[in-house]
>>> print(open('query_37.txt').read())   # compact mmCIF, C-alpha atoms
# COMPACT_ATOMS: atom_id res chain seq x y z
CA MET M 1 319.93 1.75 8.92
CA THR M 2 320.14 4.02 5.90
CA ALA M 3 322.54 3.44 3.05
CA ARG M 4 325.57 5.54 2.25
CA PHE M 5 324.80 8.98 0.76
CA SER M 6 328.21 10.58 0.54
CA ARG M 7 330.06 13.39 -1.15
CA ASP M 8 332.18 10.75 -2.92
CA GLY M 9 329.08 9.21 -4.45
CA LEU M 10 327.77 12.62 -5.45
CA TRP M 11 331.08 13.46 -7.13
CA ARG M 12 331.27 10.10 -8.91
CA GLY M 13 327.75 10.63 -10.23
CA ALA M 14 328.50 14.20 -11.30
CA ARG M 15 331.58 13.00 -13.18
CA ASP M 16 329.49 10.41 -15.04
CA GLY M 17 326.80 13.01 -15.73
CA VAL M 18 329.13 15.47 -17.44
CA PRO M 19 329.22 13.62 -20.81
CA LEU M 20 325.43 13.82 -20.91
CA ALA M 21 325.40 17.54 -20.20
CA PHE M 22 326.51 18.68 -23.66
CA GLY M 23 323.42 17.32 -25.39
CA ILE M 24 321.19 18.59 -22.58
CA PHE M 25 322.69 22.08 -23.02
CA LEU M 26 321.87 22.13 -26.73
CA TYR M 27 318.31 20.98 -26.09
CA GLY M 28 317.95 23.54 -23.32
CA ALA M 29 319.00 26.14 -25.87
CA GLY M 30 316.38 24.76 -28.24
CA PHE M 31 313.73 25.19 -25.57
CA GLY M 32 314.95 28.73 -24.85
CA LEU M 33 314.66 29.59 -28.53
CA VAL M 34 311.10 28.28 -28.71
CA ALA M 35 310.27 30.16 -25.49
CA VAL M 36 311.43 33.45 -27.03
CA GLN M 37 309.29 32.80 -30.09
CA ALA M 38 306.34 32.26 -27.73
CA GLN M 39 307.01 35.72 -26.20
CA MET M 40 308.38 34.26 -22.96
CA ALA M 41 311.04 36.29 -21.12
CA LEU M 42 314.21 34.89 -19.53
CA GLY M 43 312.82 34.71 -15.98
CA PRO M 44 309.70 32.66 -16.76
CA ALA M 45 311.65 30.41 -19.15
CA LEU M 46 314.26 29.69 -16.47
CA ALA M 47 311.55 29.16 -13.85
CA MET M 48 309.87 26.64 -16.13
CA SER M 49 313.15 24.81 -16.80
CA ALA M 50 313.99 24.74 -13.08
CA THR M 51 310.63 23.40 -11.93
CA VAL M 52 309.53 21.12 -14.79
CA PHE M 53 313.04 19.96 -15.86
CA SER M 54 311.78 17.95 -18.83
CA GLY M 55 312.30 19.02 -22.42
CA SER M 56 309.39 17.13 -23.96
CA ALA M 57 306.92 18.28 -21.28
CA GLN M 58 308.08 21.91 -21.45
CA LEU M 59 307.82 22.09 -25.23
CA ALA M 60 304.38 20.47 -25.18
CA ALA M 61 303.20 22.87 -22.46
CA LEU M 62 304.62 25.85 -24.33
CA ASN M 63 302.82 24.80 -27.51
CA LEU M 64 299.59 24.45 -25.56
CA MET M 65 299.98 27.83 -23.87
CA ALA M 66 300.78 29.48 -27.21
CA THR M 67 297.32 28.51 -28.47
CA GLY M 68 295.77 30.61 -25.70
CA GLN M 69 292.94 28.08 -25.45
CA PHE M 70 293.60 25.83 -22.50
CA THR M 71 292.62 25.25 -18.90
CA LEU M 72 294.74 24.39 -15.88
CA TRP M 73 293.44 20.83 -16.24
CA THR M 74 294.55 20.46 -19.86
CA LEU M 75 297.93 21.96 -18.94
CA ALA M 76 298.33 19.46 -16.08
CA ALA M 77 297.18 16.61 -18.34
CA THR M 78 299.78 17.57 -20.95
CA ILE M 79 302.59 17.51 -18.40
CA LEU M 80 301.24 14.26 -16.94
CA LEU M 81 301.14 12.57 -20.33
CA MET M 82 304.62 13.72 -21.34
CA ASN M 83 306.15 12.78 -17.97
CA ALA M 84 304.22 9.56 -17.28
CA ARG M 85 307.39 7.53 -17.87
CA TYR M 86 308.80 8.94 -14.64
CA PHE M 87 306.23 6.84 -12.77
CA LEU M 88 307.97 3.77 -14.16
CA PHE M 89 311.44 5.21 -13.50
CA GLY M 90 310.57 5.90 -9.85
CA ALA M 91 309.12 2.44 -9.36
CA ALA M 92 312.26 0.82 -10.77
CA LEU M 93 314.41 2.95 -8.43
CA ARG M 94 312.43 1.96 -5.31
CA PRO M 95 314.43 -1.15 -4.25
CA TRP M 96 317.71 0.80 -4.38
CA LEU M 97 316.76 4.36 -3.46
CA SER M 98 314.48 3.42 -0.55
CA ALA M 99 317.62 2.65 1.45
CA ALA M 100 318.25 6.43 1.62
CA THR M 101 316.31 8.70 3.96
CA PRO M 102 312.98 10.01 2.55
CA ALA M 103 314.41 13.54 2.24
CA GLN M 104 317.43 12.22 0.31
CA ALA M 105 315.27 9.97 -1.88
CA TYR M 106 312.64 12.57 -2.81
CA GLY M 107 315.28 15.26 -3.26
CA THR M 108 317.11 12.91 -5.62
CA LEU M 109 313.96 12.15 -7.61
CA MET M 110 313.64 15.87 -8.39
CA LEU M 111 316.96 15.63 -10.27
CA THR M 112 315.99 12.54 -12.26
CA GLY M 113 315.78 12.74 -16.04
CA ASP M 114 315.88 10.16 -18.83
CA ALA M 115 319.62 10.19 -19.41
CA ASN M 116 320.82 10.08 -15.82
CA TRP M 117 318.21 7.48 -14.90
CA ILE M 118 319.67 5.22 -17.60
CA VAL M 119 323.24 5.82 -16.45
CA THR M 120 322.25 5.22 -12.82
CA MET M 121 320.33 2.01 -13.50
CA ARG M 122 323.44 0.75 -15.26
CA ALA M 123 325.58 1.78 -12.29
CA ILE M 124 323.19 0.00 -9.90
CA ALA M 125 323.44 -3.16 -12.00
CA ARG M 126 327.22 -2.85 -11.64
CA GLY M 127 326.90 -2.65 -7.86
CA GLU M 128 326.76 1.09 -7.09
CA GLU M 129 325.99 1.34 -3.37
CA ASP M 130 326.15 5.08 -2.76
CA ARG M 131 322.65 6.56 -3.04
CA ALA M 132 324.07 10.04 -3.74
CA TYR M 133 325.24 8.80 -7.16
CA LEU M 134 321.91 9.54 -8.89
CA ALA M 135 321.70 13.05 -7.45
CA GLY M 136 325.29 13.57 -8.61
CA THR M 137 324.47 12.59 -12.19
CA GLY M 138 321.61 15.10 -12.11
CA LEU M 139 323.69 18.11 -11.06
CA PRO M 140 325.54 18.71 -14.37
CA LEU M 141 322.29 18.14 -16.21
CA VAL M 142 320.45 20.80 -14.22
CA VAL M 143 323.29 23.27 -14.80
CA ALA M 144 323.35 22.42 -18.52
CA TRP M 145 319.56 22.62 -18.85
CA LEU M 146 319.35 26.03 -17.15
CA GLY M 147 322.45 27.31 -18.95
CA GLY M 148 321.08 26.08 -22.26
CA THR M 149 317.70 27.69 -21.60
CA ALA M 150 319.31 31.05 -20.79
CA THR M 151 321.58 30.82 -23.83
CA GLY M 152 318.63 29.98 -26.07
CA VAL M 153 316.56 32.89 -24.77
CA LEU M 154 319.40 35.40 -25.00
CA GLY M 155 321.02 34.33 -28.24
CA GLY M 156 319.75 30.97 -29.40
CA SER M 157 319.64 31.90 -33.05
CA MET M 158 323.43 32.03 -33.05
CA LEU M 159 323.71 28.41 -31.89
CA ALA M 160 324.28 25.51 -34.21
CA GLU M 161 321.51 23.03 -34.85
CA PRO M 162 321.78 20.14 -32.29
CA ARG M 163 321.72 17.59 -35.12
CA THR M 164 325.05 18.92 -36.37
CA PHE M 165 326.74 17.44 -33.30
CA ALA M 166 324.43 14.40 -33.29
CA ALA M 167 323.22 15.60 -29.88
CA ASP M 168 319.82 14.11 -30.72
CA LEU M 169 321.53 10.71 -30.72
CA LEU M 170 323.09 11.11 -27.28
CA LEU M 171 320.22 9.53 -25.32
CA PRO M 172 319.75 6.60 -27.76
CA ALA M 173 323.52 6.02 -27.81
CA PHE M 174 323.69 5.86 -24.02
CA ALA M 175 320.58 3.66 -23.93
CA ALA M 176 322.00 1.24 -26.52
CA THR M 177 325.45 0.91 -24.98
CA MET M 178 324.15 0.70 -21.40
CA ALA M 179 321.73 -2.05 -22.45
CA ALA M 180 324.56 -3.86 -24.24
CA GLY M 181 326.73 -3.51 -21.15
CA MET M 182 324.01 -4.97 -18.92
CA MET M 183 323.56 -7.95 -21.24
CA ARG M 184 327.32 -8.39 -21.43
CA ASP M 185 327.23 -8.70 -17.64
CA GLY M 186 324.60 -11.42 -17.82
CA ALA M 187 321.26 -9.59 -17.79
CA PRO M 188 318.55 -11.56 -19.65
CA VAL M 189 317.96 -10.65 -23.28
CA LEU M 190 314.19 -11.25 -23.21
CA PRO M 191 313.14 -7.88 -21.68
CA ALA M 192 315.24 -6.04 -24.27
CA VAL M 193 313.70 -7.97 -27.16
CA VAL M 194 310.18 -7.46 -25.79
CA GLY M 195 310.82 -3.77 -25.09
CA ALA M 196 312.20 -3.07 -28.57
CA GLY M 197 309.43 -5.04 -30.27
CA VAL M 198 306.61 -3.37 -28.33
CA ALA M 199 308.07 0.11 -28.91
CA LEU M 200 308.42 -0.43 -32.65
CA ALA M 201 304.90 -1.85 -32.92
CA LEU M 202 303.17 0.83 -30.85
CA ALA M 203 305.09 4.03 -31.67
CA PRO M 204 303.35 4.65 -35.02
CA VAL M 205 299.99 4.34 -33.27
CA VAL M 206 300.40 6.01 -29.87
CA GLY M 207 303.61 8.02 -30.27
CA ALA M 208 307.09 7.44 -28.88
CA GLY M 209 306.36 8.56 -25.30
CA LEU M 210 303.56 6.12 -24.60
CA ALA M 211 305.28 3.38 -26.63
CA ILE M 212 308.32 3.59 -24.33
CA ILE M 213 306.10 3.28 -21.24
CA ALA M 214 304.33 0.27 -22.77
CA ALA M 215 307.70 -1.24 -23.68
CA GLY M 216 308.90 -0.91 -20.10
CA LEU M 217 305.73 -2.47 -18.71
CA CYS M 218 305.71 -5.34 -21.22
CA GLY M 219 309.41 -6.08 -20.72
CA ALA M 220 308.86 -6.11 -16.96
CA ALA M 221 305.82 -8.40 -17.36
CA ALA M 222 307.85 -10.78 -19.51
CA ALA M 223 310.58 -10.93 -16.87
CA ALA M 224 308.00 -11.46 -14.10
CA ALA M 225 306.31 -14.26 -16.03
CA ARG M 226 309.65 -15.93 -16.50
CA GLY M 227 310.29 -15.54 -12.77
CA MET S 1 293.52 32.65 -18.53
CA ALA S 2 295.46 32.27 -15.25
CA ASP S 3 298.61 34.28 -14.54
CA PHE S 4 301.98 32.69 -15.25
CA PRO S 5 302.82 31.96 -11.57
CA VAL S 6 299.65 29.85 -11.34
CA LEU S 7 300.51 28.04 -14.58
CA LEU S 8 304.02 27.46 -13.29
CA LEU S 9 302.68 26.06 -10.03
CA VAL S 10 300.44 23.61 -11.90
CA MET S 11 303.28 22.50 -14.19
CA ALA S 12 305.74 22.13 -11.31
CA ALA S 13 303.28 20.22 -9.12
CA THR S 14 302.37 17.83 -11.93
CA SER S 15 306.03 17.23 -12.78
CA LEU S 16 306.87 16.51 -9.16
CA ALA S 17 303.89 14.17 -8.85
CA CYS S 18 305.13 12.20 -11.88
CA ARG S 19 308.63 11.94 -10.40
CA PHE S 20 307.44 10.97 -6.90
CA ALA S 21 304.39 8.78 -7.60
CA GLY S 22 306.05 5.58 -8.86
CA PHE S 23 308.61 5.56 -6.07
CA ALA S 24 305.98 6.32 -3.40
CA ALA S 25 303.44 3.82 -4.72
CA MET S 26 305.92 0.93 -4.66
CA ARG S 27 306.13 1.33 -0.88
CA PHE S 28 302.69 -0.25 -0.62
CA VAL S 29 303.35 -3.12 -3.01
CA PRO S 30 304.46 -6.28 -1.19
CA ASP S 31 307.89 -7.60 -2.11
CA HIS S 32 307.84 -10.68 -4.33
CA PRO S 33 310.52 -12.37 -6.46
CA ARG S 34 308.46 -11.82 -9.62
CA LEU S 35 308.09 -8.14 -8.81
CA SER S 36 311.84 -7.87 -8.22
CA ALA S 37 312.48 -9.51 -11.58
CA ALA S 38 310.06 -7.10 -13.23
CA LEU S 39 311.69 -4.03 -11.67
CA ARG S 40 315.16 -5.27 -12.61
CA ALA S 41 314.02 -5.81 -16.21
CA THR S 42 312.35 -2.41 -16.63
CA PRO S 43 315.52 -0.38 -17.38
CA LEU S 44 316.68 -2.85 -20.00
CA SER S 45 313.27 -2.78 -21.72
CA VAL S 46 313.17 1.04 -21.72
CA MET S 47 316.75 1.31 -22.99
CA ALA S 48 316.04 -1.17 -25.80
CA ALA S 49 312.86 0.72 -26.68
CA ILE S 50 314.64 4.09 -26.90
CA SER S 51 317.41 2.57 -29.04
CA ALA S 52 315.00 0.74 -31.35
CA LEU S 53 312.91 3.85 -31.95
CA ALA S 54 316.03 5.88 -32.74
CA VAL S 55 317.17 3.29 -35.26
CA ALA S 56 313.72 3.10 -36.84
CA SER S 57 313.31 6.85 -37.19
CA GLY S 58 316.90 7.82 -38.00
CA GLN S 59 319.14 7.50 -41.01
CA VAL S 60 321.20 4.41 -41.84
CA THR S 61 324.28 6.26 -40.60
CA ASP S 62 322.67 6.67 -37.16
CA ALA S 63 321.95 2.93 -37.02
CA LEU S 64 325.57 2.22 -38.00
CA ALA S 65 326.86 4.51 -35.26
CA LEU S 66 324.64 2.90 -32.63
CA ALA S 67 325.67 -0.58 -33.82
CA ALA S 68 329.31 0.47 -33.49
CA GLY S 69 328.65 1.65 -29.94
CA VAL S 70 327.01 -1.65 -29.03
CA ALA S 71 329.84 -3.66 -30.61
CA LEU S 72 332.43 -1.58 -28.77
CA THR S 73 330.61 -2.13 -25.48
CA LEU S 74 330.38 -5.87 -26.01
CA ALA S 75 334.07 -6.00 -26.90
CA THR S 76 335.46 -3.75 -24.18
CA GLY S 77 332.75 -3.39 -21.50
CA ARG S 78 333.27 0.40 -21.51
CA ASP S 79 329.72 1.49 -22.24
CA MET S 80 330.03 5.21 -21.49
CA ALA S 81 333.06 5.67 -23.73
CA ALA S 82 331.34 3.59 -26.40
CA ALA S 83 328.30 5.89 -26.30
CA LEU S 84 330.49 8.94 -26.86
CA VAL S 85 332.27 7.20 -29.73
CA ALA S 86 328.88 6.38 -31.28
CA VAL S 87 327.75 10.01 -31.06
CA ALA S 88 331.04 11.28 -32.51
CA LEU S 89 330.79 8.71 -35.29
CA ALA S 90 327.21 9.75 -36.07
CA ALA S 91 328.24 13.41 -36.21
CA GLY S 92 331.14 12.54 -38.53
CA LEU S 93 328.97 10.41 -40.80
CA ARG S 94 326.31 13.13 -41.01
CA ALA S 95 328.94 15.71 -41.89
CA ALA S 96 330.39 13.39 -44.54
CA MET S 97 326.93 12.73 -46.02
CA ALA S 98 326.10 16.47 -46.03
CA GLY S 99 329.41 17.40 -47.59
>>> encode(input="query_37.txt", output="structure tokens")
Amino acid sequence: MTARFSRDGLWRGARDGVPLAFGIFLYGAGFGLVAVQAQMALGPALAMSATVFSGSAQLAALNLMATGQFTLWTLAATILLMNARYFLFGAALRPWLSAATPAQAYGTLMLTGDANWIVTMRAIARGEEDRAYLAGTGLPLVVAWLGGTATGVLGGSMLAEPRTFAADLLLPAFAATMAAGMMRDGAPVLPAVVGAGVALALAPVVGAGLAIIAAGLCGAAAAAARG
Amino acid sequence: MADFPVLLLVMAATSLACRFAGFAAMRFVPDHPRLSAALRATPLSVMAAISALAVASGQVTDALALAAGVALTLATGRDMAAALVAVALAAGLRAAMAG
């Protein structure tokens, strides 16, 4: 039997995704602005935002394409490297999301980003049963990302710098408070300590993206070793 | 160089593969209590990593705002509201420092 995947769950997720959308909009606008500078028109920029749906990967790919010296393999490798963390995110979602039908599960994974993954993992820890919740959190983010991209392409120079609104701190703020909430509810502290320590140690050497993946793997290994 | 539609196809396919692969691969991994513990711990480790890197690379005011968010969560249990308060606080502190 498959788990519940209802309109209520979708709506609840969408409601929880709205606070995240503001920061996503500003970063979408940032991407749109960079796309214009790279001579990219509105259509291609929107197509890229709709299909890649990842700020870091899109900016890295745009930088690579702007050099004019790349192959399809190096382009794929760039996206793979920037989005490798989604492998970990999908694996962590498996026990919960596999209760949905494959079409629902894979459709939902297309809407998964950093911020709504964090919010959803917190909701799962709280007992969220409706598998439509994650897709719901993704909907406002997709709208904000596409809207931001279009705004950036058409008139991004008129927008305020995201730092003015501390939009760059939105993801860390959600990550910090969600982690605190999970520990308040009895989650073990060890994975958090290991994750933070590994990230701080590795980031100067391998960069933030790979350091976060290593942190997730090491925290998971510590929890597994503890049993 | 390939046309943009080809580039877009490569980027989209790679992005989808990243999103699908972890979920799909776990289907073939046998269930085990240690694996369950590891998967449960992964979000917490990633969240702590993101927070720690933000504190390390940001200003003192950012760290203060995040600390306030954590304290508010621990006190009230309302993590989403606490995150928004932390962001608003950071914006206010940055404006105050700039002014």
>>> residues_around(input="query_37.txt", residues="segment 35-50 of chain S", least_positions_apart="3", cutoff="6 Å", atoms="all atoms listed in the file", output="MDAnalysis selection string")
(chainID M and resid 92 172 175 179 191:192 195:196 199 212 216 219:220 223:224) or (chainID S and resid 32 53)
>>> write_last_selection(input="query_37.txt", atoms="C-alpha atoms", output="PDB file, keeping the file's coordinate frame")
ATOM      1  CA  ALA M  92     312.260   0.820 -10.770  1.00  0.00           C
ATOM      2  CA  PRO M 172     319.750   6.600 -27.760  1.00  0.00           C
ATOM      3  CA  ALA M 175     320.580   3.660 -23.930  1.00  0.00           C
ATOM      4  CA  ALA M 179     321.730  -2.050 -22.450  1.00  0.00           C
ATOM      5  CA  PRO M 191     313.140  -7.880 -21.680  1.00  0.00           C
ATOM      6  CA  ALA M 192     315.240  -6.040 -24.270  1.00  0.00           C
ATOM      7  CA  GLY M 195     310.820  -3.770 -25.090  1.00  0.00           C
ATOM      8  CA  ALA M 196     312.200  -3.070 -28.570  1.00  0.00           C
ATOM      9  CA  ALA M 199     308.070   0.110 -28.910  1.00  0.00           C
ATOM     10  CA  ILE M 212     308.320   3.590 -24.330  1.00  0.00           C
ATOM     11  CA  GLY M 216     308.900  -0.910 -20.100  1.00  0.00           C
ATOM     12  CA  GLY M 219     309.410  -6.080 -20.720  1.00  0.00           C
ATOM     13  CA  ALA M 220     308.860  -6.110 -16.960  1.00  0.00           C
ATOM     14  CA  ALA M 223     310.580 -10.930 -16.870  1.00  0.00           C
ATOM     15  CA  ALA M 224     308.000 -11.460 -14.100  1.00  0.00           C
TER      16      ALA M 224
ATOM     17  CA  HIS S  32     307.840 -10.680  -4.330  1.00  0.00           C
ATOM     18  CA  LEU S  53     312.910   3.850 -31.950  1.00  0.00           C
TER      19      LEU S  53
END
>>> closest_residue(input="query_37.txt", among="M:Met48, M:Phe5, M:Met178, M:Ala215", to="Pro5 of chain S", atoms="only C-alpha atoms")
M:Met48
>>> residues_around(input="query_37.txt", residues="Leu64 of chain S", least_positions_apart="4", cutoff="12 Å", atoms="only C-alpha atoms", output="PyMOL selection string")
(chain M and resi 169+173) or (chain S and resi 54-56+58-60+68-71+85-94)
>>> closest_residue(input="query_37.txt", among="M:Gly68, M:Gly186, M:Gly127, M:Pro140", to="chain S", atoms="only C-alpha atoms")
M:Gly68
>>> residues_around(input="query_37.txt", residues="segment 79-85 of chain M", least_positions_apart="2", cutoff="6 Å", atoms="only C-alpha atoms", output="PyMOL selection string")
chain M and resi 57+76-77+87-88+213
>>> closest_atom_pairs(input="query_37.txt", of="segment 31-150 of chain M", to="segment 9-23 of chain S", cutoff="12 Å", atoms="all atoms listed in the file", output="tab-separated table")
residue	atom	partner	partner_atom	distance
M:Pro44	CA	S:Leu9	CA	11.8
M:Ala47	CA	S:Ala12	CA	9.5
M:Met48	CA	S:Ala12	CA	7.8
M:Ser49	CA	S:Ala12	CA	9.6
M:Ala50	CA	S:Ala12	CA	8.8
M:Thr51	CA	S:Ala12	CA	5.1
M:Val52	CA	S:Ala12	CA	5.2
M:Phe53	CA	S:Ser15	CA	8.1
M:Ser54	CA	S:Ser15	CA	8.4
M:Gly55	CA	S:Ser15	CA	11.6
M:Ser56	CA	S:Ser15	CA	11.7
M:Ala57	CA	S:Ser15	CA	8.6
M:Gln58	CA	S:Met11	CA	8.7
M:Leu59	CA	S:Met11	CA	11.9
M:Ala60	CA	S:Met11	CA	11.2
M:Ala61	CA	S:Met11	CA	8.3
M:Leu62	CA	S:Met11	CA	10.8
M:Met65	CA	S:Met11	CA	11.5
M:Thr71	CA	S:Val10	CA	10.6
M:Leu72	CA	S:Val10	CA	7.0
M:Trp73	CA	S:Val10	CA	8.7
M:Thr74	CA	S:Val10	CA	10.4
M:Leu75	CA	S:Met11	CA	7.2
M:Ala76	CA	S:Thr14	CA	6.0
M:Ala77	CA	S:Thr14	CA	8.3
M:Thr78	CA	S:Met11	CA	9.1
M:Ile79	CA	S:Thr14	CA	6.5
M:Leu80	CA	S:Thr14	CA	6.3
M:Leu81	CA	S:Cys18	CA	9.4
M:Met82	CA	S:Ser15	CA	9.4
M:Asn83	CA	S:Cys18	CA	6.2
M:Ala84	CA	S:Cys18	CA	6.1
M:Arg85	CA	S:Cys18	CA	7.9
M:Tyr86	CA	S:Arg19	CA	5.2
M:Phe87	CA	S:Gly22	CA	4.1
M:Leu88	CA	S:Gly22	CA	5.9
M:Phe89	CA	S:Gly22	CA	7.1
M:Gly90	CA	S:Phe23	CA	4.3
M:Ala91	CA	S:Gly22	CA	4.4
M:Ala92	CA	S:Phe23	CA	7.6
M:Leu93	CA	S:Phe23	CA	6.8
M:Arg94	CA	S:Phe23	CA	5.3
M:Pro95	CA	S:Phe23	CA	9.1
M:Trp96	CA	S:Phe23	CA	10.4
M:Leu97	CA	S:Phe23	CA	8.6
M:Ser98	CA	S:Phe23	CA	8.3
M:Pro102	CA	S:Phe23	CA	10.6
M:Ala103	CA	S:Phe20	CA	11.8
M:Ala105	CA	S:Phe23	CA	9.0
M:Tyr106	CA	S:Phe20	CA	6.8
M:Gly107	CA	S:Phe20	CA	9.6
M:Thr108	CA	S:Arg19	CA	9.8
M:Leu109	CA	S:Arg19	CA	6.0
M:Met110	CA	S:Arg19	CA	6.7
M:Leu111	CA	S:Arg19	CA	9.1
M:Thr112	CA	S:Arg19	CA	7.6
M:Gly113	CA	S:Arg19	CA	9.1
M:Asp114	CA	S:Arg19	CA	11.3
M:Trp117	CA	S:Arg19	CA	11.5
>>> residues_around(input="query_37.txt", residues="Gly152 of chain M", least_positions_apart="5", cutoff="12 Å", atoms="only C-alpha atoms", output="list in words")
Phe25, Leu26, Tyr27, Gly28, Ala29, Gly30, Phe31, Gly32, Leu33, Val34, Ala35, Val36, Gln37, Met40, Ala41, Leu42, Ala45, Leu46, Ser49, Ala144, Trp145, Leu146, Gly147, Ser157, Met158, Leu159, Ala160 and Glu161 of chain M
>>> atom_distance(input="query_37.txt", atom1="atom CA of Ala100 of chain M", atom2="atom CA of Ala3 of chain M")
5.4 Å
>>> atom_distance(input="query_37.txt", atom1="atom CA of Val143 of chain M", atom2="atom CA of Arg15 of chain M")
13.3 Å
>>> closest_residue(input="query_37.txt", among="M:Met183, M:Phe22, M:Ala201, M:Thr177", to="chain S", atoms="all atoms listed in the file")
M:Thr177
>>> atom_distance(input="query_37.txt", atom1="atom CA of Ala123 of chain M", atom2="atom CA of Ala221 of chain M")
22.8 Å
>>> closest_residue(input="query_37.txt", among="S:Thr61, S:Ala2, S:Arg34, S:Ala96", to="chain M", atoms="all atoms listed in the file")
S:Arg34
>>> residues_near_point(input="query_37.txt", point="(332.8, 2.7, -19.5)", cutoff="12 Å", atoms="all atoms listed in the file", output="list in words")
Asp16, Pro19, Val119, Arg122, Ala123, Arg126, Phe174, Thr177, Met178, Ala180, Gly181 and Met182 of chain M; Gly69, Val70, Leu72, Thr73, Leu74, Ala75, Thr76, Gly77, Arg78, Asp79, Met80, Ala81, Ala82, Ala83, Leu84 and Val85 of chain S
>>> closest_residue(input="query_37.txt", among="M:Leu200, M:Val18, M:Ala225, M:Val189", to="Thr137 of chain M", atoms="all atoms listed in the file")
M:Val18
